[in-house]
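Student: The structure file final33.csv (CSV, C-alpha atoms) is provided below.
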```csv
chain,number,residue,atom,x,y,z
A,1,MET,CA,16.8,-48.3,14.0
A,2,THR,CA,19.1,-46.9,16.6
A,3,ASN,CA,21.0,-43.6,16.1
A,4,LYS,CA,24.2,-45.5,16.2
A,5,ALA,CA,23.2,-47.7,13.2
A,6,GLU,CA,22.0,-44.7,11.3
A,7,ALA,CA,25.3,-42.9,12.0
A,8,LEU,CA,27.3,-45.9,10.8
A,9,LYS,CA,25.3,-46.2,7.6
A,10,ASP,CA,25.8,-42.5,6.9
A,11,LEU,CA,29.6,-42.9,7.3
A,12,LEU,CA,29.8,-46.1,5.2
A,13,PHE,CA,27.6,-44.7,2.4
A,14,LYS,CA,29.6,-41.5,2.0
A,15,MET,CA,32.9,-43.4,2.0
A,16,ALA,CA,31.6,-46.0,-0.5
A,17,ASP,CA,30.0,-43.5,-2.8
A,18,ASP,CA,33.2,-41.3,-2.9
A,19,CYS,CA,35.2,-44.4,-3.8
A,20,LEU,CA,32.7,-45.6,-6.5
A,21,ILE,CA,32.3,-42.2,-8.2
A,22,LEU,CA,36.0,-41.3,-8.1
A,23,GLY,CA,36.9,-44.8,-9.2
A,24,HIS,CA,34.6,-44.2,-12.2
A,25,ARG,CA,36.2,-40.9,-12.9
A,26,ASN,CA,39.7,-42.4,-12.7
A,27,SER,CA,38.8,-45.1,-15.1
A,28,GLU,CA,38.1,-42.5,-17.7
A,29,TRP,CA,41.9,-42.3,-18.3
A,30,VAL,CA,41.9,-45.8,-19.6
A,31,GLY,CA,43.3,-45.6,-23.2
A,32,ILE,CA,44.0,-41.8,-23.1
A,33,GLY,CA,46.5,-41.3,-20.3
A,34,PRO,CA,49.3,-38.8,-21.1
A,35,VAL,CA,51.9,-41.6,-21.0
A,36,LEU,CA,51.3,-45.3,-20.9
A,37,GLU,CA,52.4,-45.6,-17.3
A,38,GLU,CA,49.9,-43.0,-16.2
A,39,ASP,CA,47.2,-44.7,-18.1
A,40,ILE,CA,47.9,-47.9,-16.2
A,41,ALA,CA,48.3,-46.1,-12.9
A,42,PHE,CA,44.9,-44.4,-13.1
A,43,ALA,CA,43.3,-47.7,-14.2
A,44,SER,CA,44.8,-49.6,-11.2
A,45,ILE,CA,43.8,-46.9,-8.8
A,46,ALA,CA,40.3,-46.9,-10.3
A,47,GLN,CA,40.1,-50.7,-9.8
A,48,ASP,CA,41.3,-50.3,-6.2
A,49,LYS,CA,38.7,-47.6,-5.5
A,50,ILE,CA,35.8,-49.6,-7.0
A,51,GLY,CA,37.1,-52.6,-4.9
A,52,HIS,CA,37.0,-50.5,-1.8
A,53,ALA,CA,33.5,-49.3,-2.6
A,54,LEU,CA,32.4,-53.0,-3.1
A,55,ALA,CA,33.9,-53.9,0.3
A,56,LEU,CA,32.2,-51.0,2.1
A,57,TYR,CA,28.8,-51.7,0.4
A,58,SER,CA,29.3,-55.4,1.4
A,59,ILE,CA,29.5,-54.3,5.1
A,60,LEU,CA,26.3,-52.3,4.7
A,61,HIS,CA,24.6,-55.4,3.2
A,62,GLU,CA,26.0,-58.0,5.6
A,63,HIS,CA,25.9,-56.1,8.9
A,64,LEU,CA,23.4,-53.3,8.5
A,65,GLY,CA,20.5,-54.8,6.4
A,66,GLU,CA,21.0,-52.8,3.2
A,67,ALA,CA,20.5,-54.2,-0.3
A,68,ASN,CA,23.3,-56.1,-2.1
A,69,PRO,CA,26.3,-54.1,-3.4
A,70,ASP,CA,25.1,-54.1,-7.1
A,71,VAL,CA,21.8,-52.7,-6.1
A,72,LEU,CA,23.4,-50.0,-3.9
A,73,GLY,CA,25.9,-49.0,-6.6
A,74,PHE,CA,23.6,-49.1,-9.6
A,75,MET,CA,20.0,-48.7,-8.5
A,76,ARG,CA,19.8,-45.8,-6.1
A,77,HIS,CA,18.5,-42.4,-7.1
A,78,GLU,CA,21.2,-39.7,-7.2
A,79,SER,CA,19.6,-38.0,-4.2
A,80,GLN,CA,20.4,-41.1,-2.1
A,81,PHE,CA,24.1,-40.8,-2.9
A,82,LYS,CA,26.3,-39.2,-0.3
A,83,CYS,CA,29.5,-38.5,-2.2
A,84,CYS,CA,31.1,-35.0,-2.1
A,85,HIS,CA,31.0,-32.8,-5.2
A,86,PHE,CA,34.7,-33.1,-5.5
A,87,VAL,CA,34.5,-36.6,-6.9
A,88,GLU,CA,31.6,-35.8,-9.3
A,89,ILE,CA,33.4,-33.1,-11.3
A,90,PRO,CA,34.4,-34.3,-14.8
A,91,THR,CA,38.0,-35.1,-15.1
A,92,GLN,CA,38.9,-32.3,-17.6
A,93,GLU,CA,42.7,-31.9,-17.7
A,94,TYR,CA,45.4,-34.2,-16.3
A,95,ASP,CA,46.6,-31.4,-13.9
A,96,PHE,CA,43.1,-31.4,-12.3
A,97,ALA,CA,43.0,-35.2,-12.2
A,98,LEU,CA,46.3,-35.4,-10.5
A,99,ILE,CA,45.6,-32.7,-7.9
A,100,ARG,CA,42.3,-34.3,-7.1
A,101,HIS,CA,44.0,-37.7,-6.8
A,102,PHE,CA,46.5,-36.1,-4.4
A,103,LEU,CA,44.0,-34.2,-2.2
A,104,PHE,CA,41.4,-37.0,-2.1
A,105,ASP,CA,43.7,-39.9,-1.6
A,106,THR,CA,45.7,-38.2,1.1
A,107,ALA,CA,42.4,-37.7,3.0
A,108,ASP,CA,41.3,-41.3,2.2
A,109,ARG,CA,44.5,-42.8,3.5
A,110,LEU,CA,44.2,-40.8,6.8
A,111,ARG,CA,40.5,-41.7,7.1
A,112,PHE,CA,41.2,-45.5,6.8
A,113,GLU,CA,44.2,-45.1,9.1
A,114,MET,CA,42.0,-43.6,11.8
A,115,LEU,CA,39.3,-46.3,11.2
A,116,THR,CA,41.8,-49.1,12.0
A,117,GLU,CA,41.0,-48.2,15.6
A,118,SER,CA,37.2,-48.1,15.1
A,119,SER,CA,35.0,-49.8,17.6
A,120,PHE,CA,33.0,-51.2,14.7
A,121,GLU,CA,35.1,-54.3,14.1
A,122,PRO,CA,34.1,-55.1,10.4
A,123,LEU,CA,35.2,-51.5,9.4
A,124,ALA,CA,38.4,-51.7,11.5
A,125,GLN,CA,39.4,-55.0,9.8
A,126,LEU,CA,38.7,-53.6,6.3
A,127,SER,CA,40.6,-50.4,7.1
A,128,ARG,CA,43.7,-52.4,8.2
A,129,LYS,CA,43.7,-54.0,4.8
A,130,ILE,CA,42.9,-50.9,2.7
A,131,LYS,CA,45.4,-48.7,4.4
A,132,GLY,CA,48.3,-50.7,2.8
A,133,GLU,CA,46.8,-50.4,-0.7
A,134,ILE,CA,46.2,-46.7,-0.5
A,135,THR,CA,49.9,-46.2,0.4
A,136,TYR,CA,50.6,-46.9,-3.3
A,137,HIS,CA,48.1,-44.2,-4.3
A,138,THR,CA,49.6,-41.5,-2.1
A,139,MET,CA,53.2,-42.5,-3.1
A,140,HIS,CA,52.2,-42.1,-6.8
A,141,ALA,CA,50.4,-38.8,-6.1
A,142,HIS,CA,53.2,-37.3,-4.1
A,143,ALA,CA,55.9,-38.2,-6.7
A,144,PHE,CA,53.9,-36.7,-9.6
A,145,VAL,CA,52.8,-33.6,-7.8
A,146,ARG,CA,56.4,-32.9,-6.8
A,147,GLN,CA,57.8,-33.6,-10.2
A,148,LEU,CA,55.3,-31.7,-12.3
A,149,SER,CA,55.4,-28.7,-10.1
A,150,GLN,CA,59.2,-28.6,-10.4
A,151,GLY,CA,59.1,-28.8,-14.1
A,152,SER,CA,58.7,-25.8,-16.5
A,153,GLU,CA,57.0,-22.6,-15.4
A,154,GLU,CA,53.9,-23.6,-17.4
A,155,ALA,CA,53.7,-26.9,-15.5
A,156,ARG,CA,53.9,-25.1,-12.1
A,157,LEU,CA,51.3,-22.5,-13.1
A,158,ARG,CA,48.9,-25.2,-14.3
A,159,MET,CA,49.4,-27.2,-11.1
A,160,GLN,CA,48.7,-24.0,-9.1
A,161,SER,CA,45.6,-23.2,-11.1
A,162,ALA,CA,44.3,-26.8,-10.7
A,163,LEU,CA,44.9,-26.5,-6.9
A,164,ASN,CA,43.0,-23.2,-6.8
A,165,THR,CA,40.0,-24.9,-8.5
A,166,ALA,CA,40.3,-28.2,-6.5
A,167,TYR,CA,40.9,-26.9,-3.0
A,168,PRO,CA,37.4,-25.6,-2.0
A,169,LEU,CA,35.9,-28.7,-3.5
A,170,ALA,CA,38.4,-30.9,-1.5
A,171,LEU,CA,37.2,-29.2,1.7
A,172,GLY,CA,33.8,-30.7,0.8
A,173,ILE,CA,35.2,-34.1,1.8
A,174,PHE,CA,35.0,-33.0,5.4
A,175,GLU,CA,31.4,-31.7,5.4
A,176,PRO,CA,30.2,-32.6,8.8
A,177,SER,CA,27.4,-35.1,9.1
A,178,LYS,CA,24.5,-34.7,11.5
A,179,TYR,CA,25.9,-37.8,13.3
A,180,GLU,CA,29.4,-36.5,14.1
A,181,GLN,CA,28.9,-36.6,17.8
A,182,GLU,CA,27.3,-40.1,17.8
A,183,LEU,CA,30.3,-41.5,15.8
A,184,ILE,CA,32.8,-39.9,18.1
A,185,ASP,CA,31.0,-40.9,21.3
A,186,ALA,CA,30.6,-44.5,20.1
A,187,GLY,CA,34.3,-44.7,19.2
A,188,ILE,CA,33.5,-45.5,15.6
A,189,PHE,CA,35.3,-42.5,14.0
A,190,LEU,CA,37.1,-39.5,15.4
A,191,GLY,CA,35.2,-37.2,13.1
A,192,GLU,CA,35.6,-35.0,10.1
A,193,ASP,CA,37.3,-32.0,12.0
A,194,THR,CA,40.1,-34.3,13.3
A,195,LEU,CA,40.5,-35.8,9.8
A,196,ARG,CA,40.7,-32.3,8.2
A,197,GLU,CA,43.4,-31.2,10.6
A,198,LYS,CA,45.5,-34.2,9.9
A,199,TRP,CA,45.0,-33.8,6.2
A,200,SER,CA,45.9,-30.1,6.2
A,201,SER,CA,49.2,-30.8,7.8
A,202,SER,CA,49.9,-33.8,5.5
A,203,ILE,CA,49.2,-32.0,2.2
A,204,GLN,CA,51.1,-28.9,3.4
A,205,THR,CA,54.4,-30.9,3.6
A,206,ILE,CA,54.1,-32.0,-0.1
A,207,LEU,CA,52.8,-28.6,-1.3
A,208,LEU,CA,55.8,-26.9,0.3
A,209,GLN,CA,58.2,-29.3,-1.5
A,210,ALA,CA,56.2,-28.7,-4.7
A,211,ASN,CA,56.3,-24.9,-4.3
A,212,LEU,CA,52.5,-24.7,-4.5
A,213,VAL,CA,50.4,-22.5,-2.3
A,214,ILE,CA,46.9,-23.0,-0.9
A,215,PRO,CA,44.5,-20.3,-2.1
A,216,ASP,CA,43.5,-17.5,0.3
A,217,THR,CA,39.8,-17.2,0.2
A,218,ILE,CA,38.2,-20.5,0.6
A,219,GLN,CA,34.5,-21.3,0.7
A,220,PRO,CA,34.1,-25.1,1.2
A,221,VAL,CA,31.8,-26.7,-1.3
A,222,PHE,CA,29.2,-28.6,0.8
A,223,GLY,CA,26.0,-30.4,-0.1
A,224,GLY,CA,27.0,-33.8,-1.3
A,225,ARG,CA,26.8,-35.5,2.1
A,226,ASN,CA,23.1,-34.4,2.3
A,227,GLY,CA,22.2,-35.7,-1.2
A,228,THR,CA,22.5,-32.4,-3.0
A,229,HIS,CA,24.7,-32.9,-6.1
A,230,THR,CA,26.1,-31.3,-9.1
A,231,GLU,CA,24.5,-31.9,-12.5
A,232,PHE,CA,27.4,-34.2,-13.3
A,233,LEU,CA,26.5,-37.0,-10.9
A,234,GLY,CA,23.2,-37.8,-12.6
A,235,GLU,CA,25.0,-38.0,-16.0
A,236,LEU,CA,27.7,-40.3,-14.6
A,237,LEU,CA,25.2,-42.6,-12.8
A,238,ARG,CA,23.1,-42.9,-16.0
A,239,GLU,CA,26.2,-43.9,-18.0
A,240,MET,CA,27.6,-46.2,-15.3
A,241,SER,CA,24.4,-48.1,-14.6
A,242,GLU,CA,23.1,-48.2,-18.2
A,243,VAL,CA,23.8,-51.9,-18.8
A,244,PHE,CA,22.8,-53.1,-15.3
A,245,VAL,CA,19.4,-51.4,-15.2
A,246,GLU,CA,18.6,-52.9,-18.6
A,247,ASP,CA,18.0,-56.2,-16.8
A,248,PRO,CA,18.8,-56.1,-13.1
A,249,SER,CA,18.1,-59.8,-12.7
A,250,ALA,CA,20.6,-60.9,-15.4
A,251,GLU,CA,23.2,-63.4,-14.3
A,252,TRP,CA,26.8,-62.4,-15.3
B,1,MET,CA,38.2,-88.3,11.7
B,2,MET,CA,37.6,-84.6,11.4
B,3,ALA,CA,41.3,-83.9,11.7
B,4,GLU,CA,41.9,-86.4,8.9
B,5,LEU,CA,39.4,-84.7,6.7
B,6,GLU,CA,40.8,-81.3,7.5
B,7,LYS,CA,44.3,-82.5,6.4
B,8,ARG,CA,42.8,-83.7,3.1
B,9,ILE,CA,41.1,-80.4,2.6
B,10,TRP,CA,44.4,-78.5,3.1
B,11,LYS,CA,46.0,-80.9,0.7
B,12,ALA,CA,43.3,-80.3,-1.9
B,13,LEU,CA,43.7,-76.6,-1.5
B,14,GLU,CA,47.3,-77.0,-2.5
B,15,GLU,CA,46.0,-77.9,-5.9
B,16,VAL,CA,43.8,-74.9,-6.3
B,17,TYR,CA,45.9,-72.4,-8.3
B,18,ASP,CA,46.1,-68.6,-8.8
B,19,PRO,CA,44.3,-68.1,-12.2
B,20,GLU,CA,47.2,-66.0,-13.5
B,21,ILE,CA,50.2,-67.8,-12.1
B,22,PRO,CA,49.1,-71.4,-12.7
B,23,LYS,CA,51.8,-73.1,-10.6
B,24,LEU,CA,51.2,-71.0,-7.5
B,25,SER,CA,48.6,-72.5,-5.1
B,26,LEU,CA,46.2,-70.4,-3.1
B,27,VAL,CA,47.8,-71.8,0.1
B,28,ASP,CA,51.3,-70.7,-1.0
B,29,LEU,CA,49.9,-67.3,-2.1
B,30,GLY,CA,48.7,-67.0,1.5
B,31,VAL,CA,45.0,-66.2,0.8
B,32,VAL,CA,43.5,-69.2,2.6
B,33,THR,CA,43.0,-68.2,6.2
B,34,ASP,CA,40.8,-70.9,7.7
B,35,VAL,CA,39.2,-74.3,7.2
B,36,SER,CA,36.4,-75.3,9.5
B,37,ILE,CA,34.4,-78.5,9.6
B,38,SER,CA,31.3,-78.9,11.7
B,39,ASP,CA,30.4,-82.2,10.1
B,40,GLU,CA,31.4,-84.0,6.9
B,41,GLN,CA,28.8,-82.2,4.8
B,42,ASN,CA,29.4,-78.8,6.4
B,43,ILE,CA,32.8,-77.5,5.3
B,44,SER,CA,33.7,-73.9,5.2
B,45,VAL,CA,36.9,-72.4,3.8
B,46,THR,CA,37.8,-68.8,4.4
B,47,ILE,CA,39.9,-66.8,2.0
B,48,THR,CA,41.0,-63.1,1.9
B,49,PRO,CA,41.9,-61.2,-1.2
B,50,THR,CA,45.5,-60.0,-2.0
B,51,PHE,CA,43.9,-56.6,-2.9
B,52,ALA,CA,40.3,-55.7,-2.0
B,53,GLY,CA,39.5,-55.0,-5.6
B,54,CYS,CA,40.9,-58.3,-6.9
B,55,PRO,CA,38.6,-59.5,-9.7
B,56,ALA,CA,39.9,-63.1,-9.4
B,57,ILE,CA,38.3,-63.6,-6.0
B,58,HIS,CA,35.0,-65.1,-7.3
B,59,TYR,CA,37.0,-67.4,-9.6
B,60,MET,CA,39.0,-68.6,-6.6
B,61,GLN,CA,35.9,-69.3,-4.6
B,62,GLU,CA,34.5,-71.4,-7.4
B,63,SER,CA,37.7,-73.3,-8.0
B,64,ILE,CA,38.0,-74.1,-4.3
B,65,LYS,CA,34.4,-75.4,-4.2
B,66,GLU,CA,35.0,-77.6,-7.3
B,67,VAL,CA,38.4,-79.0,-6.3
B,68,VAL,CA,37.7,-79.7,-2.6
B,69,ALA,CA,34.3,-81.3,-3.4
B,70,LEU,CA,35.9,-83.6,-5.9
B,71,GLN,CA,39.1,-84.5,-4.1
B,72,CYS,CA,37.5,-84.9,-0.6
B,73,ASN,CA,34.3,-86.5,-1.8
B,74,VAL,CA,32.0,-84.1,-0.1
B,75,SER,CA,28.9,-82.5,-1.6
B,76,THR,CA,29.1,-78.9,-0.5
B,77,VAL,CA,31.9,-76.5,0.4
B,78,GLU,CA,31.2,-73.0,1.4
B,79,VAL,CA,33.8,-70.4,0.7
B,80,HIS,CA,33.7,-67.1,2.6
B,81,VAL,CA,35.6,-64.0,1.9
B,82,SER,CA,36.8,-62.2,5.0
B,83,PHE,CA,39.1,-59.4,6.1
B,84,GLU,CA,39.5,-60.7,9.6
B,85,HIS,CA,43.1,-61.8,8.9
B,86,PRO,CA,44.0,-59.5,6.0
B,87,TRP,CA,46.5,-60.6,3.4
B,88,ASN,CA,49.9,-58.9,3.2
B,89,SER,CA,52.8,-60.0,1.0
B,90,ASN,CA,54.7,-61.6,3.9
B,91,LYS,CA,52.0,-64.3,3.9
B,92,ILE,CA,53.4,-65.8,0.7
B,93,THR,CA,55.2,-69.0,1.7
B,94,ASP,CA,58.8,-69.8,0.9
B,95,LYS,CA,57.6,-72.3,-1.6
B,96,GLY,CA,55.4,-69.7,-3.1
B,97,ARG,CA,58.3,-67.3,-3.4
B,98,THR,CA,60.3,-69.9,-5.2
B,99,ILE,CA,57.4,-70.6,-7.6
B,100,LEU,CA,57.0,-66.9,-8.3
B,101,GLN,CA,60.7,-66.6,-9.2
B,102,GLN,CA,60.5,-69.7,-11.4
B,103,SER,CA,57.4,-68.2,-13.1
B,104,GLY,CA,59.3,-65.1,-14.0
B,105,PHE,CA,58.1,-62.8,-11.2
B,106,ALA,CA,60.3,-61.2,-8.7
B,107,PRO,CA,59.0,-62.2,-5.2
B,108,PRO,CA,58.1,-59.3,-2.9
B,109,PRO,CA,60.8,-58.3,-0.4
B,110,LYS,CA,59.9,-59.1,3.2
B,111,HIS,CA,58.7,-56.0,5.1
B,112,ASN,CA,58.1,-55.0,8.7
B,113,GLY,CA,54.7,-53.4,8.2
B,114,TYR,CA,55.8,-50.3,6.3
B,115,ILE,CA,56.4,-49.9,2.6
B,116,GLU,CA,58.4,-47.1,0.9
B,117,LEU,CA,58.9,-46.5,-2.8
B,118,THR,CA,62.6,-47.3,-2.3
B,119,VAL,CA,61.9,-51.0,-1.7
B,120,LEU,CA,60.7,-51.1,-5.3
B,121,GLU,CA,64.0,-49.8,-6.7
B,122,ASN,CA,66.8,-52.3,-7.6
B,123,VAL,CA,64.6,-55.4,-7.3
B,124,PRO,CA,66.7,-58.4,-8.2
B,125,CYS,CA,65.9,-59.5,-11.8
B,126,PRO,CA,64.1,-62.9,-11.8
B,127,PHE,CA,65.8,-63.9,-15.0
B,128,CYS,CA,69.5,-63.1,-14.4
B,129,GLY,CA,69.6,-62.1,-10.7
B,130,SER,CA,71.1,-58.6,-11.4
B,131,LYS,CA,70.3,-55.8,-9.0
B,132,ASN,CA,71.0,-53.2,-11.7
B,133,THR,CA,67.3,-52.7,-12.3
B,134,ASN,CA,64.8,-49.8,-12.3
B,135,LEU,CA,61.2,-49.4,-11.3
B,136,GLN,CA,59.2,-48.5,-14.4
B,137,THR,CA,55.9,-48.1,-12.6
B,138,PRO,CA,54.4,-49.4,-9.3
B,139,PHE,CA,51.2,-50.1,-11.2
B,140,GLY,CA,51.3,-53.2,-13.4
B,141,PRO,CA,48.9,-55.4,-15.5
B,142,THR,CA,47.2,-56.5,-12.3
B,143,LEU,CA,46.8,-54.8,-8.9
B,144,CYS,CA,49.3,-57.0,-7.3
B,145,ARG,CA,52.2,-56.5,-9.7
B,146,SER,CA,54.7,-53.7,-10.5
B,147,ILE,CA,56.8,-53.3,-13.7
B,148,HIS,CA,60.6,-53.1,-13.7
B,149,TYR,CA,63.5,-53.1,-16.2
B,150,CYS,CA,66.8,-55.0,-15.9
B,151,ASN,CA,69.7,-53.1,-17.2
B,152,SER,CA,71.9,-56.2,-17.3
B,153,CYS,CA,69.9,-58.6,-19.4
B,154,LEU,CA,67.8,-55.8,-21.0
B,155,GLN,CA,64.4,-57.3,-20.2
B,156,ALA,CA,61.3,-55.9,-18.6
B,157,PHE,CA,60.0,-58.0,-15.7
B,158,GLU,CA,57.3,-57.9,-13.1
B,159,GLN,CA,57.4,-58.0,-9.4
B,160,PHE,CA,54.7,-59.3,-7.1
B,161,LYS,CA,54.2,-56.1,-5.1
B,162,PRO,CA,55.1,-55.9,-1.4
B,163,LEU,CA,52.0,-54.9,0.6
B,164,ALA,CA,51.9,-54.0,4.2
```
With the file now loaded, output its structure as C-alpha cells.
Tutor:
Amino acid sequence: MTNKAEALKDLLFKMADDCLILGHRNSEWVGIGPVLEEDIAFASIAQDKIGHALALYSILHEHLGEANPDVLGFMRHESQFKCCHFVEIPTQEYDFALIRHFLFDTADRLRFEMLTESSFEPLAQLSRKIKGEITYHTMHAHAFVRQLSQGSEEARLRMQSALNTAYPLALGIFEPSKYEQELIDAGIFLGEDTLREKWSSSIQTILLQANLVIPDTIQPVFGGRNGTHTEFLGELLREMSEVFVEDPSAEW
Amino acid sequence: MMAELEKRIWKALEEVYDPEIPKLSLVDLGVVTDVSISDEQNISVTITPTFAGCPAIHYMQESIKEVVALQCNVSTVEVHVSFEHPWNSNKITDKGRTILQQSGFAPPPKHNGYIELTVLENVPCPFCGSKNTNLQTPFGPTLCRSIHYCNSCLQAFEQFKPLA
C-alpha cells in the first residue's frame, strides 16, 4: 500500500466518520425539536449527513479496497473510527446543537468546496455534488445563529456559553493528520491548516453579526483523528449498530 | 440495431417514475445520465441521485431493471449510481416542470450555479399562481422539497428545491 493510498483513506475515513456520527446526533432531534420546523430541519440535515457518509464509505469500498459501507459504518471497533470529539458529544441543549451545527457545517462546506479541485477524481465529483446540498445547512445555521443571538439577553448569553463550550472542540476538526504533506503534495487536499484559516474568517463574519465572541484561551481538543475517543462514542456505536450486529448477514 | 435498442431503452425509461411523484419519469427528473449497450444482453443505465442521501435510489434502480427488461425484452440490465454528472435542479426537463406543477409542487426556479435563501421566498403558488407566498422552512418531508404558505389561497404547498 502506497503512502498516497493510506493518506487518502485517512482523509476519507475521518470525513465519513464525522458525517455518520454527527448525522446520528442530529437525528436525535426527531420528535423532540423545539418547534416542528426545527425538528424537520435537523432530521433532514441528519439524513443528508448519513447520505454523505454512505457516499464517502462507498468510495473507500469501490476505489480503495475497504469493506462495504454497512460493515464500515456498523462493524468497526471504536478505536478504528477517526471522527473528532466534537461530533461525539451528546446533544444536550438546543443552543449547543445549533452552535455545533453552525461551526461544523461551515467547516464541512469549505472542506467539500476545496475538494472540488482534488486530484482524486471520485472525491472531486462527489464534492461538487455535496457542496450544493450543504449550502442549505449553512443557510439554516446562519439564519438561526443570528436570530437567536439577537433575541432576549438570556438567548444571547446561552448562545455565548454554548460557543465557549463548543469552540475548543470545533478546533479538533482541524487536528492535523500524519499525512498532511502527502495530501498537499499529491494535490488531493490543501490541508487542515488552510481549511482552518478559511473557516475562522467565515465564522467570524456571522459571529460579528450575531454579537458573539470567540473565547480567549483555547486549547484545541485533539485525539479523535488518531482513534482516541470520548466515552460517548462507544455508547453511540453500540446503540446505532445494535440491530445490524444482531445478524450482519440479514437481507433488508 | 444498437441505436434502435438504445432508443427503446430511453423510451422505456420514460415510463419509470419517481416513487413519490408518480407522473414524473426519472428521465424528466433528470437523474438518468447515461445508457450504454455493449451487446443486447449487456445493458447498463447510469443514474445520479437528486440528493446524495436520497433513500429512493435503490427503489429507482430496481424499477429501472424491471421496466427496461420487460419492455425491451432483455434479460439483464445493470443500473449504476454515479456522481460523474451530478444532478442539479436545472436538469429537470420542461415537461418535468409542468408535471411537477400539475402534481401540486412548485417547480424549482432556474439558477446559475448559486442558490440564496431569497430564491425560496415568494415562490409562485402551484394552486393559484399568486406570488404572495412565504417560505415556512427550507426542509420539507423529503430532502428535495421545501414548505411554503400561500397568503392568497391560504394553502400550504411544497416546492421542489432548487439545488446548485
Student: Any idea what's packed within 8 Å of segment 99-111 of chain A, counting all atoms listed in the file, ignoring anything in its chain fewer than 3 positions away? Could you give it as a list in words?
Tutor: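 Contacts, in chain order: Phe86, Asp95, Phe96, Met114, Leu115, Lys131, Ile134, Thr135, His137, Thr138, Ala141, His142, Val145, Met159, Ala162, Leu163, Ala166, Tyr167, Ala170, Ile173, Leu195, Arg196, Lys198, Trp199, Ser202 and Ile203 of chain A.
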Student: So that each row is one residue of chain B with an atom at most 7 Å from chain A, can you give its shortest atom pair and the distance in Å to one decimal, using all atoms listed in the file, rows by chain and rising number, as CSV?
Tutor:
```
residue,atom,partner,partner_atom,distance
B:Ala52,CA,A:Gly51,CA,5.3
B:Gly53,CA,A:Gly51,CA,3.5
B:Phe83,CA,A:Gln125,CA,5.8
B:Glu84,CA,A:Gln125,CA,5.7
B:Pro86,CA,A:Lys129,CA,5.6
B:Leu117,CA,A:Met139,CA,7.0
B:Thr137,CA,A:Glu37,CA,6.4
B:Phe139,CA,A:Ala41,CA,5.2
B:Gly140,CA,A:Ile40,CA,6.9
B:Leu143,CA,A:Ser44,CA,6.0
B:Leu163,CA,A:Gly132,CA,6.0
B:Ala164,CA,A:Gly132,CA,5.1
```
Student: Mind listing as a CSV table (one decimal) with C-alpha atoms, in the coordinates of the input all residues within 7 Å of (59.7, -54.0, -13.3), counting only C-alpha atoms?
Tutor:
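Done, and the output landed in result.csv:
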```csv
chain,number,residue,atom,x,y,z
B,134,ASN,CA,64.8,-49.8,-12.3
B,135,LEU,CA,61.2,-49.4,-11.3
B,136,GLN,CA,59.2,-48.5,-14.4
B,146,SER,CA,54.7,-53.7,-10.5
B,147,ILE,CA,56.8,-53.3,-13.7
B,148,HIS,CA,60.6,-53.1,-13.7
B,149,TYR,CA,63.5,-53.1,-16.2
B,156,ALA,CA,61.3,-55.9,-18.6
B,157,PHE,CA,60.0,-58.0,-15.7
B,158,GLU,CA,57.3,-57.9,-13.1
B,159,GLN,CA,57.4,-58.0,-9.4
```
Student: Which value, in Å to one decimal, gives the distance between atom CA of Val119 of chain B and atom CA of Leu100 of chain B?
Tutor: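 Interatomic distance here is 17.9 Å.
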Student: Please work out which residues fall within 12 Å of (35.3, -33.3, -13.5), coordinates as given in the file, with all atoms listed in the file counting, and return them as a PyMOL selection string.
Tutor: chain A and resi 21-22+24-26+28+85-101+162+165-166+169+230-233+235-236
Student: Please indicate the distance in Å from atom CA of Val81 of chain B to atom CA of Lys65 of chain B, rounded to one decimal place.
Tutor: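 Distance reported for this atom pair: 13.0 Å.
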Student: Skipping near chain neighbours, those fewer than 3 positions away, what residues fall within 10 Å of Phe222 of chain A using only C-alpha atoms, listed as a ChimeraX atom specification?
Tutor: /A:84-86,168-176,219,225-226,228-229
